[in-house]
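Engineer: Following this message is one structure expressed as structure tokens.
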Amino acid sequence: MRRRHRIRRTLILGGIVGAVIFSGILFFPASVTRNYQTREVLIPRGAGVETIAGILKADGLVESPTLFVLAARVLGHDRNLKAGRYTIPVGASIYRILHQLSSGMGKRDMVTVPEGLRVEQVAQILAAQARIDPSRFLPLTHDSAFAASLGVPADRLEGYLYPDTYPFYPLLSAEEVARVMVERALRVFEEEMGLPGARQGLTMHQLVTLASMVEAETAMSSERPRIAAVFYNRLKRGMMLQSDPTVMYALGIYKNRVYYSDLNVKSPYNTYRHRGIPPGPIDSPGRAAIHAVLFPLPDSTELYFVARGDGTHIFTKTWAEHVAAVAHVRAIARMESTPEFSGPIPPPLLIVPADSIAKAGRAEIVSAPGRRSLHTTRIVSSRHSTSKTPAASNTRTGSKTSSKSTAKKKTASVGKP
């Protein structure tokens with residue numbers, strides 16, 4: 001009995017000592033550092049626990065790869081470690097590293113693509129945050145065969161790189177990244193189009209195109225359905241959409257103001273020269289813009305909108321009301337001694353005060369009510385948001401000029417009869 005008791009006590013003590021040692025391995029720093037430092041670690045897809053242990057050893061995050069592998073197997077993490085990019089503090093315990101790698105990438109290591117960006121801007125973000133080679137990524141966005149293989153109803157990927165936060169990391173290929181973004185976009189578009197009561201009559205490509213214009217016109221979620229309704233009303237009347245963002249896209253040069261001379265750019269995307277919806281999207285719209293186009297403001301009869309300068313717009317139904325709104329915005333701007341439509345991204349406006357309509361040139365009045373001139377009233381809406389790219393709006397809201405510039409500038413507004 002005594003012998004058996006001693007053996008049992010020895011085993012218990014041995015178990016306690018083993019548990020203490022193992023806990024030390026798990027919870028005490030796997031490496032030592034005087035100052036707080038972090039390492040960016042890239043775990044390739046399909047890497048086994050031994051390979052991962054070697055990567056961590058090479059980065060100075062663990063002293064013994066063998067102990068790391070042992071701990072991973074004992075805790076059952078050896079098959080749950082995920083590929084990706086991880087920011088790991090030097091001196092983190094093996095337990096913390098295992099938990100981080102088995103949980104997947106954290107938000108700080110992910111790539112966020114905001115709404116309203118063009119493919120070139122998306123490529124810049126991917127290059128900076130995930131080291132995706134732009135020289136490889138950009139050609140893919142214009143590859144019609146690649147677009148078709150992903151199910152895109154167009155010959156390029158503009159508008160179909162969905163804005164979201166992604167667990168992208170440098171070891172991914174440009175093809176993998178594009179595929180993930182397009183699949184996310186198509187899934188969101190189909191979900192929104194399948195909602196009860198969604199507006200019918202547009203193809204998916206037309207929907208995305210119109211949504212990209214709404215996205216470019218305003219950063220205010222409350223105004224998106226209203227702007228979408230203005231576009232629909234103008235389309236129904238056969239009016240040009242006259243959206244400054246489409247002009248900027250046609251120019252291929254993105255600046256803070258649109259000039260009257262810019263409106264003459266020859267391009268199917270220039271909605272000051274061509275009626276109807278442009279041939280394709282001008283940026284990547286988010287879910288809210290897609291939803292606004294599918295659920296525009298009901299019973300709207302508004303045809304114009306002009307930017308106030310604070311990110312919101314004044315919406316009007318008639319040309320006379322629109323001209324008055326533009327004059328009001330300009331008067332307020334003068335009173336406040338601030339540049340008209342001064343904002344992170346102000347679209348130019350093309351409207352003139354009522355008393356100077358008779359003297360206005362064709363660039364200032366695109367199409368007054370009742371006139372069927374090729375140069376109809378400019379629809380420009382400026383959005384004042386740092387997250388949005390410079391764009392003009394489709395419904396003429398007003399035009400602005402700068403006293404310091406000899407070139408005439410257009411006020412951000414939408415409004416052509």
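Identifiers in this document derive from the order of the structure tokens: chains are assigned A, B, ..., residues are numbered from 1 separately in each chain, and ligands are numbered from 1 in order of occurrence.
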Can you list every residue of stretch 112-174 of chain A that has an atom at most 12 Å from stretch 252-272 of chain A, with its nearest atom pair and the distance in Å to one decimal, using only C-alpha atoms, ordered by chain then number, as CSV?

Structural biologist:
residue,atom,partner,partner_atom,distance
A:Leu117,CA,A:Tyr254,CA,11.5
A:Arg118,CA,A:Gly252,CA,10.4
A:Val119,CA,A:Gly252,CA,11.9
A:Glu120,CA,A:Gly252,CA,10.6
A:Gln121,CA,A:Tyr254,CA,11.2

Engineer: Those selected residues, please, written with all heavy atoms and delivered as a PDB file, in the first residue's frame.

Structural biologist:
ATOM      1  N   LEU A 117     -14.262  54.537 -55.361  1.00  0.00           N
ATOM      2  CA  LEU A 117     -12.935  54.605 -55.957  1.00  0.00           C
ATOM      3  C   LEU A 117     -12.919  53.990 -57.356  1.00  0.00           C
ATOM      4  O   LEU A 117     -13.660  53.065 -57.660  1.00  0.00           O
ATOM      5  CB  LEU A 117     -11.912  53.875 -55.084  1.00  0.00           C
ATOM      6  CG  LEU A 117     -11.724  54.395 -53.664  1.00  0.00           C
ATOM      7  CD1 LEU A 117     -10.547  53.683 -53.017  1.00  0.00           C
ATOM      8  CD2 LEU A 117     -11.500  55.901 -53.649  1.00  0.00           C
ATOM      9  N   ARG A 118     -12.044  54.514 -58.202  1.00  0.00           N
ATOM     10  CA  ARG A 118     -11.828  53.943 -59.525  1.00  0.00           C
ATOM     11  C   ARG A 118     -10.833  52.806 -59.405  1.00  0.00           C
ATOM     12  O   ARG A 118     -10.157  52.662 -58.379  1.00  0.00           O
ATOM     13  CB  ARG A 118     -11.276  55.020 -60.485  1.00  0.00           C
ATOM     14  CG  ARG A 118     -12.071  56.311 -60.476  1.00  0.00           C
ATOM     15  CD  ARG A 118     -11.413  57.351 -61.356  1.00  0.00           C
ATOM     16  NE  ARG A 118     -10.013  57.546 -61.027  1.00  0.00           N
ATOM     17  CZ  ARG A 118      -9.560  58.352 -60.085  1.00  0.00           C
ATOM     18  NH1 ARG A 118     -10.431  59.024 -59.348  1.00  0.00           N
ATOM     19  NH2 ARG A 118      -8.276  58.483 -59.862  1.00  0.00           N
ATOM     20  N   VAL A 119     -10.707  52.010 -60.460  1.00  0.00           N
ATOM     21  CA  VAL A 119      -9.806  50.850 -60.397  1.00  0.00           C
ATOM     22  C   VAL A 119      -8.371  51.278 -60.120  1.00  0.00           C
ATOM     23  O   VAL A 119      -7.633  50.574 -59.415  1.00  0.00           O
ATOM     24  CB  VAL A 119      -9.883  50.014 -61.688  1.00  0.00           C
ATOM     25  CG1 VAL A 119     -11.214  49.317 -61.817  1.00  0.00           C
ATOM     26  CG2 VAL A 119      -9.595  50.868 -62.926  1.00  0.00           C
ATOM     27  N   GLU A 120      -7.953  52.441 -60.651  1.00  0.00           N
ATOM     28  CA  GLU A 120      -6.585  52.896 -60.411  1.00  0.00           C
ATOM     29  C   GLU A 120      -6.353  53.184 -58.931  1.00  0.00           C
ATOM     30  O   GLU A 120      -5.278  52.905 -58.392  1.00  0.00           O
ATOM     31  CB  GLU A 120      -6.290  54.157 -61.235  1.00  0.00           C
ATOM     32  CG  GLU A 120      -6.314  53.960 -62.733  1.00  0.00           C
ATOM     33  CD  GLU A 120      -7.703  54.084 -63.329  1.00  0.00           C
ATOM     34  OE1 GLU A 120      -8.672  54.294 -62.550  1.00  0.00           O
ATOM     35  OE2 GLU A 120      -7.830  53.964 -64.559  1.00  0.00           O
ATOM     36  N   GLN A 121      -7.364  53.753 -58.282  1.00  0.00           N
ATOM     37  CA  GLN A 121      -7.232  54.064 -56.860  1.00  0.00           C
ATOM     38  C   GLN A 121      -7.257  52.789 -56.014  1.00  0.00           C
ATOM     39  O   GLN A 121      -6.550  52.683 -55.014  1.00  0.00           O
ATOM     40  CB  GLN A 121      -8.366  55.004 -56.441  1.00  0.00           C
ATOM     41  CG  GLN A 121      -8.293  56.377 -57.091  1.00  0.00           C
ATOM     42  CD  GLN A 121      -9.524  57.208 -56.807  1.00  0.00           C
ATOM     43  OE1 GLN A 121     -10.645  56.794 -57.104  1.00  0.00           O
ATOM     44  NE2 GLN A 121      -9.344  58.389 -56.243  1.00  0.00           N
TER      45      GLN A 121
END

Engineer: In Å, rounded to a single decimal, give me how far atom CA of A:His322 is from atom CA of A:Ile282.

Structural biologist: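 The value is 26.1 Å.
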
Engineer: Could you name the residues that touch stretch 226-229 of chain A at 6 Å or less, counting only C-alpha atoms, but leaving out those on the same chain fewer than 2 positions away, as a PyMOL selection string?

Structural biologist: chain A and resi 223-224+231-232+293+296-297

Engineer: Please return as an MDAnalysis selection string: the residues of stretch 52-271 of chain A that backbone DSSP assigns to alpha helix (DSSP H).

Structural biologist: chainID A and resid 52:58 65:74 94:103 119:130 134:141 144:149 174:193 204:217 224:236 244:251

Engineer: Which distance in Å separates atom CA of A:Glu175 and atom CA of A:Pro163, to one decimal?

Structural biologist: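 Interatomic distance here is 16.9 Å.
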
Engineer: I want to know what sits within 10 Å of A:Arg131, based on only C-alpha atoms, with residues of the same chain fewer than 6 positions away left out; could you give that as a ChimeraX atom specification?

Structural biologist: /A:123-125,168-174

Engineer: Could you pull out the strand (DSSP E) residues of stretch 93-252 of chain A, going by DSSP on the backbone, and write them as a PyMOL selection string?

Structural biologist: chain A and resi 111-112+165-166

Engineer: Let me make sure I understand: among A:Gly91, A:Pro298, A:Gly116, A:Gly48, which one has the smallest atom-to-atom distance to A:Tyr160 if we use only C-alpha atoms?

Structural biologist: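 With only C-alpha atoms as the atom set, the closest residue is A:Gly116.
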
Engineer: Per residue of stretch 121-159 of chain A within 12 Å of stretch 184-193 of chain A, which atom pair is closest and at what distance in Å (one decimal), using only C-alpha atoms, listed by chain and increasing number, as JSON lines?

Structural biologist:
{"residue": "A:Ala147", "atom": "CA", "partner": "A:Leu186", "partner_atom": "CA", "distance": 11.9}
{"residue": "A:Leu150", "atom": "CA", "partner": "A:Leu186", "partner_atom": "CA", "distance": 9.4}
{"residue": "A:Gly151", "atom": "CA", "partner": "A:Leu186", "partner_atom": "CA", "distance": 8.3}
{"residue": "A:Val152", "atom": "CA", "partner": "A:Leu186", "partner_atom": "CA", "distance": 7.8}
{"residue": "A:Pro153", "atom": "CA", "partner": "A:Leu186", "partner_atom": "CA", "distance": 9.9}
{"residue": "A:Leu157", "atom": "CA", "partner": "A:Ala185", "partner_atom": "CA", "distance": 10.4}
{"residue": "A:Glu158", "atom": "CA", "partner": "A:Ala185", "partner_atom": "CA", "distance": 11.2}
{"residue": "A:Gly159", "atom": "CA", "partner": "A:Ala185", "partner_atom": "CA", "distance": 8.6}

Engineer: By how many Å are atom CA of A:Arg156 and atom CA of A:Pro281 apart?

Structural biologist: 9.9 Å

Engineer: Excluding A:Lys107 and its own-chain neighbours fewer than 3 positions away, which residues fall within 10 Å of it when counting only C-alpha atoms? Please give them as number ranges by chain.

Structural biologist: A: 86, 104, 110-112, 165-167
